[in-house]
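Have a look at entry_37.cif; it's mmCIF, C-alpha atoms and all ligand atoms:
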data_start
loop_
_atom_site.label_atom_id
_atom_site.label_comp_id
_atom_site.auth_asym_id
_atom_site.auth_seq_id
_atom_site.Cartn_x
_atom_site.Cartn_y
_atom_site.Cartn_z
CA MET A 219 0.00 0.00 0.00
CA THR A 220 2.64 2.59 0.98
CA GLU A 221 4.71 1.31 -1.89
CA LEU A 222 1.83 2.00 -4.31
CA ILE A 223 1.33 5.45 -2.87
CA ASP A 224 5.03 6.16 -3.44
CA ILE A 225 4.69 5.07 -7.07
CA ILE A 226 1.66 7.34 -7.53
CA LYS A 227 3.51 10.29 -5.98
CA LYS A 228 6.43 9.63 -8.27
CA VAL A 229 4.41 9.50 -11.48
CA GLN A 230 2.56 12.64 -10.49
CA LEU A 231 5.90 14.47 -10.64
CA THR A 232 7.80 12.63 -13.35
CA HIS A 233 4.98 11.43 -15.67
CA SER A 234 6.90 8.26 -16.21
CA LEU A 235 6.44 4.68 -14.98
CA ASN A 236 7.85 1.37 -16.08
CA LYS A 237 5.74 -1.64 -16.94
CA GLN A 238 6.19 -3.32 -13.57
CA GLU A 239 5.04 -0.19 -11.72
CA LEU A 240 1.99 0.15 -13.96
CA VAL A 241 1.10 -3.50 -13.37
CA SER A 242 1.44 -3.18 -9.60
CA ILE A 243 -1.10 -0.34 -9.60
CA LEU A 244 -3.48 -2.12 -11.98
CA LYS A 245 -3.42 -5.32 -9.90
CA ASP A 246 -4.10 -3.81 -6.49
CA ASP A 247 -7.17 -1.65 -5.83
CA SER A 248 -6.17 -0.53 -2.33
CA SER A 249 -4.81 2.86 -3.44
CA ASP A 250 -7.40 3.70 -6.09
CA ALA A 251 -8.66 6.83 -4.31
CA THR A 252 -5.11 8.23 -4.27
CA LEU A 253 -4.64 7.31 -7.94
CA PHE A 254 -7.85 9.04 -9.04
CA ALA A 255 -7.06 12.15 -6.96
CA ALA A 256 -3.54 12.36 -8.44
CA ALA A 257 -4.90 12.09 -12.00
CA ASN A 258 -7.45 14.79 -11.19
CA GLU A 259 -4.73 17.14 -9.90
CA VAL A 260 -2.55 16.55 -12.95
CA ARG A 261 -5.55 17.17 -15.23
CA LYS A 262 -6.22 20.48 -13.45
CA LYS A 263 -2.58 21.55 -13.59
CA TYR A 264 -2.00 20.78 -17.28
CA VAL A 265 -5.37 21.25 -19.03
CA GLY A 266 -7.38 23.20 -16.46
CA ASP A 267 -11.04 23.08 -15.51
CA GLU A 268 -12.46 23.51 -18.99
CA VAL A 269 -14.35 20.59 -20.51
CA HIS A 270 -14.39 20.39 -24.31
CA LEU A 271 -17.62 19.17 -25.87
CA ARG A 272 -17.50 17.39 -29.22
CA GLY A 273 -20.73 16.69 -31.11
CA LEU A 274 -20.75 13.08 -32.27
CA ILE A 275 -22.40 12.22 -35.59
CA GLU A 276 -22.80 8.49 -36.25
CA PHE A 277 -23.45 8.70 -39.98
CA SER A 278 -23.41 5.03 -41.05
CA ASN A 279 -23.61 1.77 -39.12
CA ILE A 280 -22.60 -0.30 -42.15
CA CYS A 281 -19.29 -2.06 -41.62
CA LYS A 282 -17.19 -4.47 -43.63
CA CYS A 283 -15.23 -5.59 -40.56
CA ASN A 284 -16.04 -8.39 -38.17
CA CYS A 285 -14.50 -7.30 -34.87
CA PHE A 286 -15.53 -9.97 -32.34
CA TYR A 287 -16.62 -7.49 -29.68
CA CYS A 288 -18.71 -5.08 -31.76
CA GLY A 289 -22.45 -5.15 -32.37
CA LEU A 290 -22.04 -3.51 -35.77
CA ARG A 291 -19.84 -6.31 -37.14
CA LYS A 292 -20.66 -7.39 -40.67
CA ASP A 293 -22.00 -10.82 -39.72
CA ASN A 294 -24.54 -9.44 -37.25
CA ALA A 295 -27.75 -9.79 -39.27
CA SER A 296 -29.94 -8.49 -36.44
CA VAL A 297 -28.79 -4.87 -36.92
CA GLN A 298 -31.00 -2.56 -38.98
CA ARG A 299 -28.44 -0.85 -41.16
CA TYR A 300 -28.58 2.82 -42.13
CA ARG A 301 -26.46 5.31 -43.97
CA MET A 302 -27.03 9.07 -44.02
CA SER A 303 -26.61 10.96 -47.27
CA VAL A 304 -23.79 13.45 -47.76
CA ASP A 305 -26.29 16.30 -47.44
CA GLU A 306 -27.82 14.86 -44.26
CA ILE A 307 -24.38 14.67 -42.63
CA ILE A 308 -23.56 18.26 -43.57
CA SER A 309 -26.91 19.49 -42.32
CA LEU A 310 -26.49 17.62 -39.00
CA ALA A 311 -23.09 19.27 -38.57
CA GLY A 312 -24.83 22.62 -39.06
CA LYS A 313 -27.29 21.68 -36.32
CA ALA A 314 -24.38 20.74 -34.04
CA LYS A 315 -22.94 24.19 -34.65
CA ASP A 316 -26.31 25.73 -33.72
CA TYR A 317 -26.32 23.72 -30.48
CA GLY A 318 -23.00 25.43 -29.67
CA TYR A 319 -20.43 22.75 -30.54
CA LYS A 320 -17.03 23.86 -31.82
CA THR A 321 -15.99 20.37 -32.93
CA VAL A 322 -17.88 17.60 -34.65
CA VAL A 323 -16.74 14.00 -34.72
CA LEU A 324 -17.80 11.95 -37.73
CA GLN A 325 -17.98 8.29 -36.82
CA SER A 326 -19.08 5.27 -38.87
CA GLY A 327 -18.40 1.64 -39.53
CA GLU A 328 -15.94 0.92 -42.32
CA ASP A 329 -18.42 1.76 -45.05
CA ALA A 330 -16.94 1.75 -48.57
CA PHE A 331 -19.88 3.78 -49.90
CA PHE A 332 -18.14 6.84 -48.47
CA ASP A 333 -15.27 6.97 -50.93
CA LYS A 334 -12.62 9.67 -51.12
CA GLU A 335 -14.77 12.01 -53.18
CA LYS A 336 -17.83 11.82 -50.91
CA MET A 337 -15.78 12.16 -47.72
CA CYS A 338 -13.87 15.16 -49.07
CA LYS A 339 -17.16 16.85 -49.96
CA VAL A 340 -18.43 16.23 -46.42
CA ILE A 341 -15.18 17.43 -44.85
CA SER A 342 -14.79 20.63 -46.86
CA SER A 343 -18.47 21.56 -46.38
CA ILE A 344 -18.22 21.10 -42.61
CA LYS A 345 -14.95 23.03 -42.44
CA ALA A 346 -16.69 25.90 -44.22
CA LEU A 347 -18.86 26.16 -41.08
CA ASN A 348 -15.74 27.01 -39.03
CA LEU A 349 -15.92 23.85 -36.99
CA ALA A 350 -12.98 21.67 -35.95
CA LEU A 351 -13.44 18.23 -37.47
CA THR A 352 -12.51 14.82 -36.15
CA LEU A 353 -12.83 11.66 -38.22
CA SER A 354 -13.39 8.19 -36.78
CA ILE A 355 -13.98 6.06 -39.87
CA GLY A 356 -11.38 3.32 -39.62
CA GLU A 357 -8.43 2.08 -41.62
CA LYS A 358 -7.77 3.85 -44.93
CA SER A 359 -4.83 4.19 -47.31
CA TYR A 360 -2.19 6.91 -46.91
CA GLU A 361 -3.65 8.65 -49.98
CA GLU A 362 -7.12 8.74 -48.46
CA TYR A 363 -5.85 10.05 -45.13
CA LYS A 364 -3.89 12.69 -47.06
CA ALA A 365 -6.94 13.72 -49.10
CA TYR A 366 -9.04 14.09 -45.93
CA LYS A 367 -6.31 16.17 -44.31
CA ASP A 368 -6.02 18.36 -47.39
CA ALA A 369 -9.80 18.80 -47.37
CA GLY A 370 -9.48 20.19 -43.84
CA ALA A 371 -9.88 17.35 -41.30
CA ASP A 372 -8.06 18.20 -38.06
CA ARG A 373 -8.10 15.06 -35.97
CA TYR A 374 -8.46 11.30 -36.37
CA LEU A 375 -9.52 8.64 -33.88
CA LEU A 376 -8.33 5.09 -34.43
CA ARG A 377 -8.09 2.93 -31.35
CA ILE A 378 -5.42 0.26 -31.30
CA GLU A 379 -8.02 -1.69 -29.21
CA THR A 380 -5.27 -3.88 -27.68
CA THR A 381 -1.48 -3.97 -28.10
CA ASP A 382 -1.47 -7.71 -27.44
CA LYS A 383 -0.79 -8.76 -31.01
CA LYS A 384 -2.04 -12.32 -30.58
CA LEU A 385 -5.27 -11.15 -29.01
CA TYR A 386 -5.62 -8.45 -31.68
CA GLN A 387 -5.37 -11.05 -34.44
CA LYS A 388 -7.92 -13.30 -32.72
CA LEU A 389 -10.49 -10.53 -32.33
CA HIS A 390 -10.07 -8.93 -35.77
CA PRO A 391 -10.49 -11.48 -38.57
CA SER A 392 -8.89 -10.40 -41.84
CA MET A 393 -7.32 -7.33 -40.28
CA SER A 394 -3.68 -6.94 -39.32
CA PHE A 395 -2.02 -5.45 -36.28
CA GLU A 396 0.82 -4.13 -38.45
CA ASN A 397 -1.61 -2.27 -40.68
CA ARG A 398 -3.29 -0.72 -37.65
CA ILE A 399 0.07 0.61 -36.43
CA ASN A 400 0.91 1.73 -39.94
CA CYS A 401 -2.35 3.70 -40.16
CA LEU A 402 -1.59 5.44 -36.86
CA GLN A 403 1.89 6.35 -38.06
CA ASN A 404 0.55 7.66 -41.36
CA LEU A 405 -1.96 9.82 -39.52
CA LYS A 406 0.81 11.23 -37.32
CA SER A 407 3.08 11.97 -40.22
CA LEU A 408 0.27 13.76 -42.07
CA GLY A 409 -0.08 16.17 -39.16
CA TYR A 410 -3.41 15.06 -37.72
CA GLU A 411 -4.04 15.27 -34.01
CA VAL A 412 -4.17 11.53 -33.42
CA GLY A 413 -6.41 9.77 -30.95
CA THR A 414 -6.07 6.14 -30.08
CA GLY A 415 -7.07 3.99 -27.11
CA CYS A 416 -8.06 0.53 -26.03
CA LEU A 417 -10.85 -1.62 -24.73
CA VAL A 418 -10.51 -2.64 -21.10
CA GLY A 419 -11.66 -6.09 -20.02
CA LEU A 420 -11.42 -8.08 -23.25
CA PRO A 421 -11.29 -11.85 -22.71
CA GLU A 422 -7.69 -13.00 -22.05
CA GLN A 423 -6.46 -9.42 -21.65
CA SER A 424 -4.04 -9.19 -18.71
CA ASP A 425 -2.90 -6.28 -16.54
CA GLU A 426 0.50 -6.69 -18.21
CA SER A 427 -1.11 -6.13 -21.56
CA LEU A 428 -3.00 -3.04 -20.31
CA ALA A 429 0.33 -1.67 -19.02
CA ASP A 430 1.74 -2.22 -22.53
CA ASP A 431 -1.24 -0.31 -23.95
CA ILE A 432 -0.48 2.71 -21.75
CA LEU A 433 3.21 2.62 -22.70
CA PHE A 434 2.19 2.39 -26.35
CA PHE A 435 0.08 5.58 -26.04
CA LYS A 436 3.16 7.38 -24.75
CA LYS A 437 5.46 5.98 -27.42
CA LEU A 438 3.10 6.98 -30.22
CA GLY A 439 2.87 10.51 -28.81
CA ALA A 440 -0.93 10.40 -28.91
CA ASP A 441 -2.84 13.69 -28.73
CA MET A 442 -6.02 12.04 -27.42
CA ILE A 443 -6.79 8.76 -25.71
CA GLY A 444 -10.29 7.30 -25.63
CA LEU A 445 -10.86 4.15 -23.67
CA GLY A 446 -13.67 2.36 -22.00
CA PRO A 447 -14.79 -0.96 -20.60
CA PHE A 448 -15.59 -3.70 -23.07
CA ILE A 449 -19.35 -4.34 -22.80
CA PRO A 450 -20.43 -7.75 -24.20
CA CYS A 451 -22.90 -7.36 -27.04
CA PRO A 452 -25.65 -9.83 -28.06
CA ASP A 453 -25.27 -11.55 -31.43
CA THR A 454 -21.48 -11.31 -31.35
CA PRO A 455 -18.90 -14.05 -30.70
CA LEU A 456 -18.10 -12.50 -27.29
CA GLN A 457 -21.74 -12.22 -26.15
CA ASN A 458 -21.29 -14.65 -23.24
CA THR A 459 -18.01 -13.30 -21.91
CA GLN A 460 -17.64 -11.25 -18.77
CA GLY A 461 -16.71 -7.84 -20.02
CA GLY A 462 -14.69 -5.14 -18.33
CA THR A 463 -15.31 -3.33 -15.06
CA PHE A 464 -15.83 0.38 -14.62
CA THR A 465 -13.05 0.55 -12.02
CA LYS A 466 -10.40 -1.06 -14.21
CA ALA A 467 -11.27 1.23 -17.13
CA LEU A 468 -11.10 4.26 -14.81
CA LYS A 469 -7.69 3.11 -13.54
CA VAL A 470 -6.27 2.74 -17.06
CA MET A 471 -7.63 6.21 -17.85
CA ALA A 472 -6.16 7.79 -14.68
CA LEU A 473 -2.76 6.21 -15.37
CA THR A 474 -2.92 7.52 -18.94
CA ARG A 475 -3.50 11.06 -17.62
CA LEU A 476 -0.53 10.71 -15.25
CA ILE A 477 1.78 9.51 -18.03
CA LEU A 478 0.51 11.92 -20.72
CA PRO A 479 -0.43 14.96 -18.62
CA ASP A 480 -1.47 17.45 -21.32
CA ILE A 481 -3.47 15.34 -23.80
CA ASN A 482 -7.24 15.31 -24.33
CA ILE A 483 -9.07 12.43 -22.68
CA PRO A 484 -12.81 11.90 -23.13
CA ALA A 485 -15.09 10.57 -20.43
CA THR A 486 -16.54 7.92 -22.73
CA THR A 487 -20.14 6.84 -23.16
CA ALA A 488 -19.14 3.25 -22.32
CA MET A 489 -18.14 4.47 -18.84
CA GLU A 490 -21.51 6.15 -18.32
CA THR A 491 -23.26 3.02 -19.64
CA LEU A 492 -21.60 0.73 -17.13
CA GLN A 493 -21.95 3.00 -14.13
CA GLN A 494 -24.48 5.67 -13.27
CA ASN A 495 -22.62 8.98 -12.99
CA GLY A 496 -19.64 7.28 -14.66
CA ARG A 497 -19.00 10.25 -16.92
CA ILE A 498 -18.65 12.61 -13.97
CA LEU A 499 -16.43 10.17 -12.08
CA ALA A 500 -14.23 10.00 -15.18
CA LEU A 501 -14.08 13.82 -15.37
CA GLN A 502 -12.93 13.76 -11.74
CA SER A 503 -10.25 11.12 -12.44
CA GLY A 504 -8.38 12.63 -15.38
CA ALA A 505 -10.83 13.21 -18.25
CA ASN A 506 -11.42 16.66 -19.83
CA VAL A 507 -13.59 15.96 -22.89
CA VAL A 508 -17.19 14.77 -23.43
CA MET A 509 -18.62 13.69 -26.78
CA PRO A 510 -22.42 13.94 -26.66
CA ASP A 511 -24.27 12.21 -29.47
CA VAL A 512 -26.02 14.62 -31.85
CA THR A 513 -27.26 11.90 -34.22
CA ASP A 514 -31.04 11.84 -34.85
CA GLU A 515 -33.11 9.46 -32.73
CA ASP A 516 -33.85 6.74 -35.28
CA CYS A 517 -30.21 6.43 -36.39
CA LYS A 518 -28.76 6.65 -32.88
CA GLN A 519 -30.95 3.73 -31.77
CA LYS A 520 -29.41 1.61 -34.53
CA TYR A 521 -25.78 2.45 -33.76
CA THR A 522 -25.58 -0.51 -31.40
CA ILE A 523 -21.84 -1.05 -30.81
CA TYR A 524 -22.86 -2.43 -27.40
CA PRO A 525 -26.19 -2.70 -25.55
CA GLY A 526 -27.72 -0.12 -23.21
CA LYS A 527 -25.76 2.86 -24.56
CA ALA A 528 -26.23 5.86 -22.27
CA GLY A 529 -28.23 8.78 -23.67
CA LEU A 530 -30.37 6.79 -26.11
CA ASN A 531 -33.67 8.06 -24.76
CA ASN A 532 -32.86 11.76 -24.91
CA THR A 533 -33.03 14.24 -27.75
CA ALA A 534 -29.65 15.69 -28.71
CA GLN A 535 -30.48 19.07 -27.20
CA ASP A 536 -31.84 17.66 -23.89
CA TYR A 537 -28.87 15.35 -23.60
CA LYS A 538 -26.41 18.18 -24.09
CA ASN A 539 -28.23 20.37 -21.56
CA SER A 540 -28.17 17.66 -18.91
CA ILE A 541 -24.48 16.97 -19.50
CA VAL A 542 -23.64 20.68 -19.29
CA LYS A 543 -25.56 20.96 -16.02
CA SER A 544 -23.76 18.00 -14.47
CA ILE A 545 -20.37 19.36 -15.57
CA GLU A 546 -21.08 22.78 -14.09
CA ALA A 547 -22.37 21.19 -10.88
CA ILE A 548 -18.87 19.84 -10.16
CA GLY A 549 -17.28 23.26 -10.64
CA ARG A 550 -16.00 22.74 -14.17
CA THR A 551 -16.65 25.06 -17.11
CA ILE A 552 -17.59 24.44 -20.74
CA SER A 553 -14.82 25.45 -23.13
CA GLN A 554 -15.67 28.02 -25.79
CA GLY A 555 -12.59 27.12 -27.85
CA TYR A 556 -11.76 24.38 -30.32
CA GLY A 557 -9.91 22.33 -27.73
CA PHE A 558 -6.75 21.46 -29.62
CA HIS A 559 -3.94 19.65 -27.85
CA ASN A 560 -1.66 22.23 -26.20
CA LYS A 561 1.68 20.57 -25.65
CA ASN A 562 2.76 21.60 -22.17
CA SER A 563 4.87 18.75 -20.93
N1 LIG A 601 -17.96 -2.45 -25.80
C1 LIG A 601 -17.28 -1.30 -25.64
N2 LIG A 601 -16.70 -0.61 -26.64
C2 LIG A 601 -16.81 -1.12 -27.89
N3 LIG A 601 -16.34 -0.70 -29.07
C3 LIG A 601 -16.73 -1.57 -30.02
N4 LIG A 601 -17.46 -2.56 -29.47
C4 LIG A 601 -17.53 -2.32 -28.14
C5 LIG A 601 -18.11 -2.99 -27.02
N5 LIG A 601 -18.79 -4.12 -27.18
C6 LIG A 601 -15.47 0.47 -29.24
C7 LIG A 601 -14.18 0.13 -29.99
C8 LIG A 601 -14.20 1.07 -31.17
C9 LIG A 601 -15.11 2.18 -30.69
C10 LIG A 601 -15.72 2.99 -31.76
O1 LIG A 601 -16.10 1.47 -29.97
O2 LIG A 601 -13.06 0.40 -29.16
O3 LIG A 601 -12.92 1.56 -31.51
FE1 LIG A 602 -16.77 -2.10 -37.62
FE2 LIG A 602 -15.61 -0.43 -35.84
FE3 LIG A 602 -17.39 -2.25 -35.03
FE4 LIG A 602 -14.98 -3.08 -35.86
S1 LIG A 602 -15.40 -1.77 -34.04
S2 LIG A 602 -16.97 -4.00 -36.44
S3 LIG A 602 -14.55 -1.60 -37.48
S4 LIG A 602 -17.82 -0.52 -36.37
#

With the file now loaded, output its structure as structure tokens.
Amino acid sequence: MTELIDIIKKVQLTHSLNKQELVSILKDDSSDATLFAAANEVRKKYVGDEVHLRGLIEFSNICKCNCFYCGLRKDNASVQRYRMSVDEIISLAGKAKDYGYKTVVLQSGEDAFFDKEKMCKVISSIKALNLALTLSIGEKSYEEYKAYKDAGADRYLLRIETTDKKLYQKLHPSMSFENRINCLQNLKSLGYEVGTGCLVGLPEQSDESLADDILFFKKLGADMIGLGPFIPCPDTPLQNTQGGTFTKALKVMALTRLILPDINIPATTAMETLQQNGRILALQSGANVVMPDVTDEDCKQKYTIYPGKAGLNNTAQDYKNSIVKSIEAIGRTISQGYGFHNKNS
């Protein structure tokens, strides 16, 4: 216990831990309160009390991939598939701007319908609204990433999901770990702000492997890290597995804040789904970003990555209002800026 507290004090000052130290904290829950408080202090010192809101647009749930954990996987025939038109996406981004968002995040399955030409049209039209733009649309070629960047995209989210290569290969049929890494490196070299992250609580995932994930985030020089508990989803190969816990996901997130003190870290919807008030607990343990869903009701209901997604029964405007209220109730403020990564460390 005192040994763990010493490790936490050390990382709070040095922002560096080795694998063994990370594992010792992940394995033992006796000092969690100290860990969360340290991450909260580091968050305050490096990125302040402002919370950045990003409006999330889930524009297509069609996916050619078969990730074992995800409800949108190609082989899941029970999903009602939808795809917005280019004009619908642009008009939803306009609505997000009217709601007060400064950033929109475009997320979809890996849907080949949205080729380079269509995506560039979407990107340049949204950039004309003076919004910051984040893409979360999966693995693409260098040329496509370059075209999106040239069209004005600012940021890209592509989670590594797990750095355990064997586990990665098992969970992602016909995908390759090397290509995932390659995509992340291409995004970096093209000058995107790059977000990655992992799932916490996958079957066979060890604390050692989670420690490797955190060290990977540092090595990549990530600008954003999004992570959450794995939530088993019906009609997927992992439907009967145990899933991750809220506490373990919160610990990985807090350690990430301590190691990468100035990056952007969202309090993810998966955290709120697994635990009531989970988003606020995350904001008090290192997170500084929230990504409320602005997708229209009928589409949002069909974007079933996992069951029971928080916020499904609210309109976009009500949901945002309630999130803003809860953020202000803990003494934090809503950022009026674009929320780019300010490198302070
Ligand atoms: N539980 C939690 N998160 C999931 N994701 C996919 N399926 C699940 C699940 N069952 C996450 C992946 C992906 C992100 C968009 O959603 O990490 O990168
Ligand atoms: Fe498709 Fe993404 Fe789900 Fe994998 S995690 S099946 S790429 S939507």

Practice problem: Counting all atoms listed in the file, name the residues that have an atom within 12 Å of an atom of ligand LIG 602 (chain A); the answer should be given as a PyMOL selection string. | Solution: chain A and resi 276-294+297+299+325-330+354-358+375-379+386+389-393+398+416-417+448+451+454-455+520-524

Exercise. To one decimal in Å, tell me the separation between atom CA of Asp333 of chain A and atom C4 of ligand LIG 601 (chain A).
Key: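 These two atoms are separated by 24.7 Å.
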
Quiz prompt | Contacts of segment 432-447 of chain A at 8 Å (all atoms listed in the file; same-chain gap of 3+ positions) as JSON, numbers by chain | solution = {"A": [237, 377, 381, 403, 411, 412, 413, 414, 415, 416, 417, 418, 419, 428, 429, 461, 462, 463, 464, 466, 467, 468, 470, 471, 473, 474, 477, 478, 481, 482, 483, 484, 485, 486, 487, 488, 489, 492, 559]}

Would you mind exporting C-alpha atoms of the selected residues as a compact mmCIF listing (two decimals), in the coordinates of the input?
# COMPACT_ATOMS: atom_id res chain seq x y z
CA LYS A 237 5.74 -1.64 -16.94
CA ARG A 377 -8.09 2.93 -31.35
CA THR A 381 -1.48 -3.97 -28.10
CA GLN A 403 1.89 6.35 -38.06
CA GLU A 411 -4.04 15.27 -34.01
CA VAL A 412 -4.17 11.53 -33.42
CA GLY A 413 -6.41 9.77 -30.95
CA THR A 414 -6.07 6.14 -30.08
CA GLY A 415 -7.07 3.99 -27.11
CA CYS A 416 -8.06 0.53 -26.03
CA LEU A 417 -10.85 -1.62 -24.73
CA VAL A 418 -10.51 -2.64 -21.10
CA GLY A 419 -11.66 -6.09 -20.02
CA LEU A 428 -3.00 -3.04 -20.31
CA ALA A 429 0.33 -1.67 -19.02
CA GLY A 461 -16.71 -7.84 -20.02
CA GLY A 462 -14.69 -5.14 -18.33
CA THR A 463 -15.31 -3.33 -15.06
CA PHE A 464 -15.83 0.38 -14.62
CA LYS A 466 -10.40 -1.06 -14.21
CA ALA A 467 -11.27 1.23 -17.13
CA LEU A 468 -11.10 4.26 -14.81
CA VAL A 470 -6.27 2.74 -17.06
CA MET A 471 -7.63 6.21 -17.85
CA LEU A 473 -2.76 6.21 -15.37
CA THR A 474 -2.92 7.52 -18.94
CA ILE A 477 1.78 9.51 -18.03
CA LEU A 478 0.51 11.92 -20.72
CA ILE A 481 -3.47 15.34 -23.80
CA ASN A 482 -7.24 15.31 -24.33
CA ILE A 483 -9.07 12.43 -22.68
CA PRO A 484 -12.81 11.90 -23.13
CA ALA A 485 -15.09 10.57 -20.43
CA THR A 486 -16.54 7.92 -22.73
CA THR A 487 -20.14 6.84 -23.16
CA ALA A 488 -19.14 3.25 -22.32
CA MET A 489 -18.14 4.47 -18.84
CA LEU A 492 -21.60 0.73 -17.13
CA HIS A 559 -3.94 19.65 -27.85

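Restricting the calculation to all atoms listed in the file, the smallest distance between Ser248 of chain A and any of A:Ser309, A:Thr533, A:Thr465, A:Ser342 is found for A:Thr465.
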
Exercise. Mind giving me the straight-line distance from atom CA of Tyr317 of chain A to atom CA of Leu271 of chain A in Å, one decimal?
Key: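 Taking atom CA of Tyr317 of chain A as the start and atom CA of Leu271 of chain A as the end point, the length is 10.8 Å.
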